[in-house]
Every structure is written in structure tokens, then in C-alpha cells.
>>> print(open('upload-v5.json').read())   # JSON, C-alpha atoms
[["chain", "number", "residue", "atom", "x", "y", "z"],
["A", 1, "MET", "CA", -52.67, -44.78, -68.08],
["A", 2, "LEU", "CA", -50.14, -43.65, -65.52],
["A", 3, "ALA", "CA", -48.30, -46.54, -63.96],
["A", 4, "LEU", "CA", -45.48, -46.15, -61.50],
["A", 5, "THR", "CA", -42.75, -48.72, -61.43],
["A", 6, "LEU", "CA", -41.57, -50.20, -58.19],
["A", 7, "SER", "CA", -38.32, -48.22, -58.21],
["A", 8, "GLU", "CA", -40.14, -44.92, -58.83],
["A", 9, "SER", "CA", -42.40, -45.40, -55.84],
["A", 10, "PHE", "CA", -39.70, -46.53, -53.40],
["A", 11, "THR", "CA", -37.01, -44.00, -54.35],
["A", 12, "PRO", "CA", -38.44, -41.11, -52.27],
["A", 13, "ILE", "CA", -38.94, -43.38, -49.27],
["A", 14, "LEU", "CA", -35.42, -44.81, -49.54],
["A", 15, "PHE", "CA", -34.02, -41.29, -49.87],
["A", 16, "GLN", "CA", -35.80, -40.19, -46.68],
["A", 17, "LEU", "CA", -34.66, -43.32, -44.85],
["A", 18, "GLY", "CA", -31.05, -42.86, -45.96],
["A", 19, "ILE", "CA", -30.85, -39.17, -45.15],
["A", 20, "GLY", "CA", -32.66, -39.71, -41.86],
["A", 21, "GLY", "CA", -30.37, -42.58, -40.86],
["A", 22, "ILE", "CA", -27.19, -40.69, -41.70],
["A", 23, "GLY", "CA", -28.46, -37.53, -40.03],
["A", 24, "GLY", "CA", -29.53, -39.49, -36.96],
["A", 25, "PHE", "CA", -26.12, -41.15, -36.73],
["A", 26, "LEU", "CA", -24.36, -37.79, -36.85],
["A", 27, "ILE", "CA", -26.75, -36.24, -34.33],
["A", 28, "GLY", "CA", -26.36, -39.22, -31.99],
["A", 29, "TYR", "CA", -22.58, -39.06, -32.16],
["A", 30, "ALA", "CA", -22.59, -35.32, -31.52],
["A", 31, "LEU", "CA", -25.16, -35.73, -28.73],
["A", 32, "ARG", "CA", -22.87, -38.17, -26.96],
["A", 33, "LYS", "CA", -20.07, -35.60, -27.03],
["A", 34, "VAL", "CA", -22.42, -32.82, -25.87],
["A", 35, "ILE", "CA", -23.60, -34.96, -22.94],
["A", 36, "LYS", "CA", -20.01, -35.39, -21.79],
["A", 37, "ILE", "CA", -19.53, -31.62, -21.86],
["A", 38, "ALA", "CA", -22.86, -31.10, -20.07],
["A", 39, "LEU", "CA", -21.78, -33.46, -17.29],
["A", 40, "ILE", "CA", -18.63, -31.44, -16.76],
["A", 41, "LEU", "CA", -20.64, -28.21, -16.70],
["A", 42, "GLY", "CA", -23.11, -29.82, -14.28],
["A", 43, "VAL", "CA", -20.29, -30.62, -11.86],
["A", 44, "VAL", "CA", -19.11, -27.00, -12.08],
["A", 45, "VAL", "CA", -22.64, -25.67, -11.49],
["A", 46, "PHE", "CA", -23.24, -27.95, -8.51],
["A", 47, "SER", "CA", -19.87, -26.91, -7.11],
["A", 48, "LEU", "CA", -20.93, -23.26, -7.39],
["A", 49, "ILE", "CA", -24.27, -24.08, -5.73],
["A", 50, "PHE", "CA", -22.42, -25.77, -2.88],
["A", 51, "LEU", "CA", -20.09, -22.77, -2.50],
["A", 52, "ALA", "CA", -23.11, -20.44, -2.44],
["A", 53, "TYR", "CA", -24.83, -22.66, 0.14],
["A", 54, "THR", "CA", -21.79, -22.56, 2.42],
["A", 55, "ASN", "CA", -21.55, -18.74, 1.96],
["A", 56, "VAL", "CA", -18.15, -18.89, 0.32],
["A", 57, "ILE", "CA", -19.52, -16.95, -2.68],
["A", 58, "ASN", "CA", -22.49, -14.61, -3.16],
["A", 59, "VAL", "CA", -25.10, -15.21, -5.90],
["A", 60, "ASP", "CA", -27.39, -12.54, -7.38],
["A", 61, "TYR", "CA", -30.59, -14.59, -7.57],
["A", 62, "SER", "CA", -32.66, -11.83, -9.19],
["A", 63, "GLY", "CA", -30.20, -11.55, -12.08],
["A", 64, "LEU", "CA", -30.10, -15.32, -12.37],
["A", 65, "SER", "CA", -33.91, -15.42, -12.49],
["A", 66, "GLU", "CA", -34.04, -12.77, -15.25],
["A", 67, "THR", "CA", -31.45, -14.63, -17.32],
["A", 68, "ALA", "CA", -33.31, -17.93, -16.94],
["A", 69, "SER", "CA", -36.66, -16.39, -17.95],
["A", 70, "SER", "CA", -35.12, -14.75, -21.04],
["A", 71, "LEU", "CA", -33.62, -18.11, -21.99],
["A", 72, "VAL", "CA", -37.01, -19.82, -21.67],
["A", 73, "ASN", "CA", -38.64, -17.07, -23.78],
["A", 74, "ALA", "CA", -35.99, -17.56, -26.46],
["A", 75, "ILE", "CA", -36.49, -21.33, -26.59],
["A", 76, "ASN", "CA", -40.32, -21.26, -26.59],
["A", 77, "PRO", "CA", -40.83, -20.27, -30.30],
["A", 78, "ALA", "CA", -38.49, -23.04, -31.39],
["A", 79, "LEU", "CA", -40.89, -25.64, -30.00],
["A", 80, "ASN", "CA", -43.44, -24.75, -32.71],
["A", 81, "LEU", "CA", -41.02, -26.08, -35.35],
["A", 82, "PHE", "CA", -41.67, -29.69, -34.32],
["A", 83, "THR", "CA", -45.30, -29.86, -35.51],
["A", 84, "PRO", "CA", -44.50, -30.07, -39.27],
["A", 85, "LEU", "CA", -42.14, -32.95, -38.56],
["A", 86, "LEU", "CA", -45.09, -35.26, -37.93],
["A", 87, "ALA", "CA", -45.69, -35.43, -41.68],
["A", 88, "HIS", "CA", -42.29, -37.05, -42.20],
["A", 89, "ILE", "CA", -42.62, -40.26, -40.20],
["A", 90, "PRO", "CA", -40.15, -42.41, -42.28],
["A", 91, "PHE", "CA", -37.51, -39.71, -42.02],
["A", 92, "ILE", "CA", -38.03, -39.35, -38.27],
["A", 93, "ALA", "CA", -37.98, -43.12, -37.70],
["A", 94, "SER", "CA", -34.70, -43.57, -39.57],
["A", 95, "LEU", "CA", -33.27, -40.48, -37.87],
["A", 96, "ILE", "CA", -34.04, -42.00, -34.47],
["A", 97, "PHE", "CA", -32.53, -45.33, -35.52],
["A", 98, "GLY", "CA", -29.39, -43.61, -36.77],
["A", 99, "LEU", "CA", -29.30, -41.51, -33.61],
["A", 100, "MET", "CA", -29.26, -44.65, -31.48],
["A", 101, "ILE", "CA", -26.46, -46.17, -33.55],
["A", 102, "GLY", "CA", -24.45, -42.94, -33.46],
["A", 103, "PHE", "CA", -24.98, -42.55, -29.74],
["A", 104, "ARG", "CA", -23.66, -46.05, -29.08],
["A", 105, "ARG", "CA", -20.67, -45.55, -31.41],
["A", 106, "GLU", "CA", -17.50, -44.97, -29.44]]
>>> encode(input="upload-v5.json", output="C-alpha cells")
Amino acid sequence: MLALTLSESFTPILFQLGIGGIGGFLIGYALRKVIKIALILGVVVFSLIFLAYTNVINVDYSGLSETASSLVNAINPALNLFTPLLAHIPFIASLIFGLMIGFRRE
């Protein structure tokens, strides 16, 4: 008769929780740094929009539209990668918990 001990059944779950928590912490910490950079870039972009609105600079809107559509087309296939992640709920839960801790870490 095949009998699993308590440690054999919890080891894979603990491994997923540990890796997910550590990964979430690192992603949260990095995300906090990326948000700071994105805020700076946002200020620059809004400054350029203001300069274009006041006719200080000229903007090629057709080129901007083509670049934005190619960016959306490049990102779209990456969204299909998230469906297999639903099978790994403990990993995702610990990743989110670690992400929150890493994001709050100064």
C-alpha cells in the first residue's frame, strides 16, 4: 500500500510557496523602482504634450499611431501566457504576498 508521509505531501506546496514568496518580493521591489522611473517618464511625456499643444514643437501623429499599434501587436501574444498560471494557485498567492511585501520595502 502506498502511503505518503506528511512531509512528502507538503514539500511541493512549501517549495511553491517559498519560491513564489521570494519571487514576489523581488518583483515587488523592482516594480517600485520601475514605477518611480515611469513617473519621471510620464512627466517628460506630459511636458512634450503641453509643448505640442502650445505649438512650440511639431508632432508626427501618424508615425506615433503606427508605433503605438505595433507595440500593442507585440504585447498581445504575451497575454496568452497567463492562462497556464491558473493551475498554480499556491505559487501565485505567495508571489502576490511577496510582491506586496517587496513593494512596501524601502
>>> residues_around(input="upload-v5.json", residues="stretch 15-19 of chain A", least_positions_apart="4", cutoff="8 Å", atoms="all atoms listed in the file", output="list in words")
Thr11, Gly23, Pro90, Phe91, Ala93, Ser94 and Leu95 of chain A
>>> atom_distance(input="upload-v5.json", atom1="atom CA of A:Lys33", atom2="atom CA of A:Phe103")
8.9 Å
>>> atom_distance(input="upload-v5.json", atom1="atom CA of A:Asp60", atom2="atom CA of A:Leu48")
12.5 Å
>>> atom_distance(input="upload-v5.json", atom1="atom CA of A:Gly102", atom2="atom CA of A:Val34")
12.8 Å
>>> residues_around(input="upload-v5.json", residues="A:Asn58", least_positions_apart="5", cutoff="10 Å", atoms="all atoms listed in the file", output="number ranges by chain")
A: 48-49, 51-53
>>> write_last_selection(input="upload-v5.json", atoms="C-alpha atoms", output="PDB file, in the frame of the given file")
ATOM      1  CA  LEU A  48     -20.930 -23.260  -7.390  1.00  0.00           C
ATOM      2  CA  ILE A  49     -24.270 -24.080  -5.730  1.00  0.00           C
ATOM      3  CA  LEU A  51     -20.090 -22.770  -2.500  1.00  0.00           C
ATOM      4  CA  ALA A  52     -23.110 -20.440  -2.440  1.00  0.00           C
ATOM      5  CA  TYR A  53     -24.830 -22.660   0.140  1.00  0.00           C
TER       6      TYR A  53
END
>>> residues_near_point(input="upload-v5.json", point="(-28.7, -45.5, -36.6)", cutoff="9 Å", atoms="all atoms listed in the file", output="number ranges by chain")
A: 20-26, 28, 94-103
